[in-house]
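Coordinates as given in start_29.cif (mmCIF, C-alpha atoms):
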```cif
data_input
#
loop_
_atom_site.label_atom_id
_atom_site.label_comp_id
_atom_site.auth_asym_id
_atom_site.auth_seq_id
_atom_site.Cartn_x
_atom_site.Cartn_y
_atom_site.Cartn_z
CA MET A 20 0.00 0.00 0.00
CA ALA A 21 1.64 3.23 -1.16
CA ASN A 22 2.12 6.16 1.20
CA LEU A 23 -0.57 8.77 0.96
CA SER A 24 0.04 12.51 1.03
CA LEU A 25 -2.36 14.47 3.22
CA ASP A 26 -2.36 17.39 0.80
CA ASP A 27 -3.18 15.14 -2.15
CA VAL A 28 -6.04 13.39 -0.38
CA LEU A 29 -7.45 16.61 1.05
CA GLY A 30 -7.18 18.32 -2.33
CA LYS A 31 -9.17 15.54 -4.01
CA MET A 32 -11.83 15.67 -1.30
CA VAL A 33 -12.17 19.44 -1.56
CA THR A 34 -12.52 19.15 -5.34
CA ALA A 35 -15.27 16.53 -4.91
CA ALA A 36 -17.03 18.67 -2.29
CA ALA A 37 -16.87 21.80 -4.44
CA GLY A 38 -18.28 19.87 -7.38
CA ALA A 39 -21.11 18.52 -5.25
CA VAL A 40 -22.46 21.95 -4.33
CA GLY A 41 -21.37 24.06 -7.32
CA GLN A 42 -21.77 27.81 -6.88
CA LYS A 43 -22.69 27.51 -3.20
CA TRP A 44 -19.22 26.20 -2.34
CA PRO A 45 -17.78 29.52 -1.04
CA GLN A 46 -20.77 29.92 1.29
CA VAL A 47 -20.62 26.43 2.80
CA ARG A 48 -16.90 25.66 2.58
CA SER A 49 -16.11 26.65 6.17
CA GLN A 50 -18.81 24.28 7.48
CA VAL A 51 -17.15 21.13 6.14
CA GLU A 52 -13.45 21.94 6.02
CA SER A 53 -12.90 20.42 9.45
CA GLU A 54 -14.66 17.15 8.55
CA LEU A 55 -12.85 16.87 5.20
CA ARG A 56 -9.47 17.46 6.85
CA GLN A 57 -10.19 14.83 9.50
CA LEU A 58 -11.22 12.26 6.89
CA ALA A 59 -8.10 13.01 4.85
CA GLU A 60 -5.98 12.54 7.97
CA VAL A 61 -7.78 9.24 8.68
CA ALA A 62 -6.97 7.99 5.17
CA VAL A 63 -3.28 8.77 5.66
CA ASP A 64 -3.41 7.20 9.13
CA ILE A 65 -4.97 3.96 7.82
CA ALA A 66 -2.27 3.65 5.15
CA ALA A 67 0.46 4.25 7.74
CA ARG A 68 -0.93 1.68 10.20
CA LYS A 69 -1.18 -0.88 7.39
CA ALA A 70 2.38 -0.14 6.23
CA GLN A 71 3.60 -0.63 9.81
CA GLY A 72 1.77 -3.97 10.07
CA LYS A 73 -0.48 -2.74 12.88
CA ILE A 74 -3.63 -3.71 10.98
CA ASP A 75 -4.08 -6.42 8.37
CA GLN A 76 -5.23 -6.01 4.77
CA HIS A 77 -8.86 -6.82 5.60
CA GLN A 78 -8.97 -4.29 8.43
CA ALA A 79 -7.40 -1.62 6.22
CA GLU A 80 -10.00 -2.28 3.50
CA THR A 81 -12.80 -2.10 6.07
CA LEU A 82 -11.49 1.23 7.36
CA PHE A 83 -11.21 2.65 3.83
CA LYS A 84 -14.82 1.58 3.17
CA MET A 85 -15.84 3.33 6.38
CA GLN A 86 -13.90 6.42 5.35
CA ALA A 87 -15.67 6.46 1.97
CA ASN A 88 -19.06 6.08 3.67
CA ALA A 89 -18.24 8.96 5.99
CA LEU A 90 -17.21 11.13 3.06
CA THR A 91 -20.53 10.39 1.35
CA GLY A 92 -22.34 11.43 4.54
CA VAL A 93 -20.33 14.62 4.87
CA LEU A 94 -20.99 15.53 1.21
CA ALA A 95 -24.71 14.84 1.73
CA GLY A 96 -24.68 17.22 4.69
CA LEU A 97 -22.87 19.76 2.54
CA ALA A 98 -25.51 19.50 -0.18
CA GLY A 99 -28.17 19.97 2.49
CA GLN A 100 -26.40 23.05 3.84
CA ALA A 101 -26.32 24.47 0.30
CA ARG A 102 -30.08 23.91 -0.09
CA LEU A 103 -30.65 25.50 3.30
CA THR A 104 -28.54 28.50 2.33
CA ALA A 105 -30.58 28.94 -0.86
CA GLU A 106 -33.85 28.63 1.08
CA MET A 107 -32.79 31.23 3.64
CA ALA A 108 -31.61 33.64 0.91
CA ILE A 109 -34.94 33.41 -0.94
CA ASN A 110 -36.99 33.84 2.21
CA ALA A 111 -34.85 36.77 3.34
CA ALA A 112 -35.48 38.45 -0.02
CA VAL A 113 -39.22 37.82 0.27
CA GLY A 114 -39.17 39.17 3.83
CA ALA A 115 -37.37 42.30 2.69
CA ALA A 116 -39.94 42.81 -0.07
CA LYS A 117 -42.77 42.43 2.46
CA ASP A 118 -41.13 44.95 4.76
CA ALA A 119 -40.81 47.39 1.88
CA VAL A 120 -44.51 47.02 1.01
CA ARG A 121 -45.50 47.39 4.68
CA THR A 122 -43.41 50.53 5.03
CA ALA A 123 -44.77 52.02 1.83
CA THR A 124 -48.43 51.29 2.59
CA GLY A 125 -48.66 51.15 6.37
CA PHE A 126 -50.52 47.82 6.08
CA PRO A 127 -49.28 45.67 8.98
CA PHE A 128 -51.02 42.47 7.89
CA ILE A 129 -48.95 41.75 4.79
CA MET B 66 -51.60 35.45 -13.25
CA LYS B 67 -51.29 38.85 -14.95
CA MET B 68 -54.75 38.49 -16.59
CA ILE B 69 -56.35 37.39 -13.34
CA GLY B 70 -54.77 40.38 -11.61
CA GLN B 71 -56.03 42.77 -14.26
CA ARG B 72 -59.57 41.38 -14.09
CA PHE B 73 -59.58 41.50 -10.30
CA SER B 74 -58.28 45.09 -10.32
CA GLN B 75 -60.89 46.14 -12.87
CA ARG B 76 -63.70 44.46 -10.91
CA ILE B 77 -62.98 46.44 -7.76
CA GLY B 78 -62.22 49.63 -9.58
CA GLY B 79 -58.58 49.17 -10.50
CA SER B 80 -57.63 50.71 -7.25
CA PHE B 81 -54.14 50.81 -5.87
CA ALA B 82 -55.41 48.81 -2.89
CA ALA B 83 -56.38 45.92 -5.15
CA GLN B 84 -52.98 45.87 -6.78
CA LEU B 85 -51.39 45.99 -3.37
CA LEU B 86 -53.49 43.07 -2.23
CA LEU B 87 -52.28 41.04 -5.19
CA VAL B 88 -48.68 41.90 -4.46
CA SER B 89 -49.23 40.89 -0.84
CA LEU B 90 -50.77 37.58 -1.83
CA ALA B 91 -47.92 36.92 -4.22
CA LEU B 92 -45.35 37.68 -1.51
CA SER B 93 -47.17 35.44 0.98
CA ALA B 94 -46.97 32.57 -1.48
CA CYS B 95 -43.26 33.09 -2.12
CA ALA B 96 -41.82 31.72 1.13
CA VAL B 97 -40.05 28.43 0.37
CA GLN B 98 -38.86 25.44 2.40
CA PHE B 99 -36.27 23.18 0.76
CA VAL B 100 -35.07 21.46 3.95
CA SER B 101 -37.13 19.86 6.74
CA ASP B 102 -37.53 21.50 10.12
CA TYR B 103 -35.13 20.91 13.00
CA ASP B 104 -36.01 17.69 14.87
CA GLU B 105 -35.04 17.81 18.54
CA VAL B 106 -35.84 14.10 19.04
CA LEU B 107 -33.49 13.14 16.21
CA ASP B 108 -30.82 15.49 17.53
CA ARG B 109 -30.97 13.89 21.00
CA ALA B 110 -31.10 10.36 19.57
CA ALA B 111 -27.96 11.08 17.53
CA THR B 112 -26.05 12.24 20.59
CA GLU B 113 -27.22 9.23 22.62
CA THR B 114 -26.37 6.74 19.87
CA GLN B 115 -22.91 8.25 19.43
CA ARG B 116 -22.41 7.86 23.19
CA LYS B 117 -23.36 4.16 22.98
CA ILE B 118 -20.94 3.52 20.10
CA THR B 119 -18.12 5.33 21.90
CA LEU B 120 -18.78 3.32 25.05
CA LEU B 121 -18.73 0.06 23.10
CA LEU B 122 -15.49 0.89 21.28
CA THR B 123 -13.86 1.96 24.55
CA GLU B 124 -14.88 -1.33 26.17
CA VAL B 125 -13.69 -3.35 23.19
CA GLN B 126 -10.23 -1.79 23.63
CA ASN B 127 -10.08 -2.62 27.33
CA PRO B 128 -8.00 -5.83 27.71
CA SER B 129 -9.90 -6.88 30.83
CA SER B 130 -13.38 -6.16 29.47
CA PRO B 131 -15.67 -9.07 28.49
CA ALA B 132 -16.79 -6.84 25.61
CA ARG B 133 -13.56 -7.67 23.75
CA ASN B 134 -15.11 -11.02 22.96
CA TYR B 135 -17.60 -10.56 20.10
CA ALA B 136 -20.17 -12.89 21.67
CA ASN B 137 -20.41 -10.54 24.65
CA SER B 138 -20.88 -7.44 22.44
CA ALA B 139 -23.29 -8.82 19.86
CA LYS B 140 -26.34 -7.58 21.77
CA THR B 141 -24.89 -4.05 22.05
CA TYR B 142 -24.32 -3.95 18.28
CA SER B 143 -27.96 -4.98 17.77
CA GLU B 144 -29.17 -2.22 20.10
CA ILE B 145 -27.07 0.42 18.35
CA LEU B 146 -28.30 -0.71 14.92
CA SER B 147 -31.86 -0.68 16.21
CA ASP B 148 -31.41 2.91 17.43
CA LEU B 149 -30.01 3.96 14.05
CA HIS B 150 -32.88 2.24 12.25
CA THR B 151 -35.37 4.14 14.42
CA MET B 152 -33.59 7.42 13.66
CA ARG B 153 -33.64 6.74 9.92
CA THR B 154 -37.32 5.79 10.01
CA ARG B 155 -38.10 9.04 11.83
CA ALA B 156 -36.13 11.06 9.27
CA GLU B 157 -37.95 9.27 6.43
CA ALA B 158 -41.32 10.04 8.01
CA ASN B 159 -40.37 13.73 8.06
CA ASN B 160 -39.20 13.81 4.43
CA THR B 161 -41.92 15.89 2.78
CA ARG B 162 -40.77 16.83 -0.76
CA GLY B 163 -37.33 15.36 -0.02
CA GLY B 164 -36.56 17.88 2.72
CA ASN B 165 -34.72 15.28 4.80
CA ALA B 166 -33.00 13.44 1.95
CA GLU B 167 -29.47 14.33 3.07
CA THR B 168 -30.13 13.41 6.71
CA ILE B 169 -31.43 10.00 5.60
CA VAL B 170 -28.21 9.41 3.64
CA GLN B 171 -26.09 10.49 6.61
CA ILE B 172 -27.83 8.09 9.02
CA GLY B 173 -27.71 5.27 6.46
CA LYS B 174 -23.94 5.67 6.09
CA ILE B 175 -23.50 5.54 9.88
CA GLU B 176 -25.53 2.29 9.91
CA GLU B 177 -23.29 0.85 7.18
CA ASN B 178 -20.19 1.73 9.18
CA VAL B 179 -21.48 0.16 12.40
CA VAL B 180 -22.20 -3.01 10.41
CA LEU B 181 -18.62 -2.92 9.03
CA ILE B 182 -17.19 -2.63 12.56
CA GLN B 183 -19.47 -5.44 13.71
CA GLU B 184 -18.36 -7.70 10.84
CA GLU B 185 -14.72 -6.97 11.60
CA HIS B 186 -15.29 -7.77 15.27
CA ARG B 187 -17.05 -11.02 14.32
CA ARG B 188 -14.03 -11.89 12.16
CA THR B 189 -11.68 -11.38 15.13
CA PRO B 190 -13.82 -12.67 18.02
CA SER B 191 -11.04 -12.35 20.61
CA GLY B 192 -10.99 -8.58 20.17
CA LEU B 193 -10.31 -5.82 17.69
CA PRO B 194 -6.83 -4.23 17.76
CA PRO B 195 -6.60 -0.64 19.08
CA ASP B 196 -5.01 0.30 15.75
CA PHE B 197 -8.29 -0.58 14.04
CA ILE B 198 -10.54 0.98 16.67
CA ALA B 199 -8.81 4.38 16.81
CA PRO B 200 -9.42 5.34 13.15
CA ALA B 201 -12.87 3.68 13.24
CA GLN B 202 -13.87 5.81 16.24
CA ARG B 203 -12.58 8.94 14.52
CA ILE B 204 -14.60 8.17 11.37
CA ILE B 205 -17.77 7.60 13.40
CA ASP B 206 -17.16 10.88 15.27
CA VAL B 207 -16.87 12.80 11.98
CA GLN B 208 -20.14 11.24 10.78
CA PHE B 209 -22.07 12.20 13.90
CA HIS B 210 -20.52 15.67 13.89
CA ALA B 211 -21.76 16.22 10.32
CA LEU B 212 -25.21 14.79 11.15
CA ILE B 213 -25.71 16.90 14.28
CA GLU B 214 -24.22 20.03 12.70
CA PHE B 215 -26.69 19.82 9.81
CA GLU B 216 -29.61 19.11 12.18
CA LEU B 217 -28.71 22.20 14.23
CA ALA B 218 -28.45 24.27 11.04
CA LYS B 219 -32.11 23.40 10.39
CA LYS B 220 -32.98 25.71 13.27
CA ARG B 221 -32.24 28.36 10.66
CA GLY B 222 -30.28 30.61 12.98
CA VAL B 223 -32.81 30.39 15.81
CA GLY B 224 -31.27 29.42 19.11
CA SER B 225 -28.41 27.43 17.65
#
```

Represent the structure contained in this file as structure tokens.
Amino acid sequence: MANLSLDDVLGKMVTAAAGAVGQKWPQVRSQVESELRQLAEVAVDIAARKAQGKIDQHQAETLFKMQANALTGVLAGLAGQARLTAEMAINAAVGAAKDAVRTATGFPFI
Amino acid sequence: MKMIGQRFSQRIGGSFAAQLLLVSLALSACAVQFVSDYDEVLDRAATETQRKITLLLTEVQNPSSPARNYANSAKTYSEILSDLHTMRTRAEANNTRGGNAETIVQIGKIEENVVLIQEEHRRTPSGLPPDFIAPAQRIIDVQFHALIEFELAKKRGVGS
């Protein structure tokens, strides 16, 4: 099992995450950077433990499957955060429009 | 919509008030919800289930604990998987228009990982090595962190 570089693994994860949420990436990036970094560190850690003979091949494969599952979960959460950001932006705009109409008309029930 | 608005305005005299009413109705209809509401029960269940998994993995690492032997831990795995199944069912029941789709995926991936740990433990019935448990615990922690963080975000800035 070849040595893994943390920067390489993290870079690939960030690319995948950015692709998953598209234009919302700058708005949600800070919310998942910690999780992505930890999962990248885990991948490097698994490879190192395997290389040192501390875990066997089967255990290493199981841990890599777990790491991939966790990444899928983190990316799902990221996609959800992006949808939530969009929802809040739309509703904030609607709220601002309502406020403007209320102010202009003096109708409090809008 | 435009024609209906014009007819309605004409019917009540084309007044500014009528146009305003239409604008108000349109604005009222514009609020959207893409993501389900915050679920306090799910939030608490996630924290409790993470605690159970952490406790199990700590016990499995303890050389003097009976939990190192898979036969003694099998029931705990079943309980944890049952808790996760209940959480996923709850999230699915609160999935109007797909608003909980991501949470369902997150819980499902935690279930898969608990099953993977269980299978590995079954394969080595005398006990999992600490070098397997440490990264496994860290992965599980990341998963619960992401799940709970997203659930708290559903409060939409209220009291989080």

Hits of the PyMOL selection byres ((chain B and resi 198) around 9) in this structure, as an NGL selection string: :B and (122-123 or 125-126 or 182 or 193-197 or 199-203)

Can I get the selection written as a compact mmCIF listing (two decimals), in the frame of the given file, with C-alpha atoms?
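Full text of selection03.txt as output:
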```txt
# COMPACT_ATOMS: atom_id res chain seq x y z
CA LEU B 122 -15.49 0.89 21.28
CA THR B 123 -13.86 1.96 24.55
CA VAL B 125 -13.69 -3.35 23.19
CA GLN B 126 -10.23 -1.79 23.63
CA ILE B 182 -17.19 -2.63 12.56
CA LEU B 193 -10.31 -5.82 17.69
CA PRO B 194 -6.83 -4.23 17.76
CA PRO B 195 -6.60 -0.64 19.08
CA ASP B 196 -5.01 0.30 15.75
CA PHE B 197 -8.29 -0.58 14.04
CA ALA B 199 -8.81 4.38 16.81
CA PRO B 200 -9.42 5.34 13.15
CA ALA B 201 -12.87 3.68 13.24
CA GLN B 202 -13.87 5.81 16.24
CA ARG B 203 -12.58 8.94 14.52
```

Given the PyMOL selection byres ((chain B and resi 178) around 12), the residues it picks as number ranges by chain: A: 81-92; B: 118, 142, 145-146, 149, 171-177, 179-185, 201-209

Hits of the PyMOL selection byres ((chain A) within 8 of (chain B)) in this structure, as number ranges by chain: A: 51, 54, 57-58, 61, 64-65, 68, 73-74, 78-79, 81-82, 85-86, 88-89, 91-93, 95-96, 98-100, 102-103, 106-107, 109-110, 113, 116-117, 120, 129

Between atom CA of B:Tyr135 and atom CA of B:Thr189, distance in Å (one decimal): 7.8 Å

Pairwise distance for atom CA of B:Thr154 and atom CA of B:Asp104, rounded to one decimal in Å: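 We find that atom CA of B:Thr154 and atom CA of B:Asp104 lie 12.9 Å from each other.
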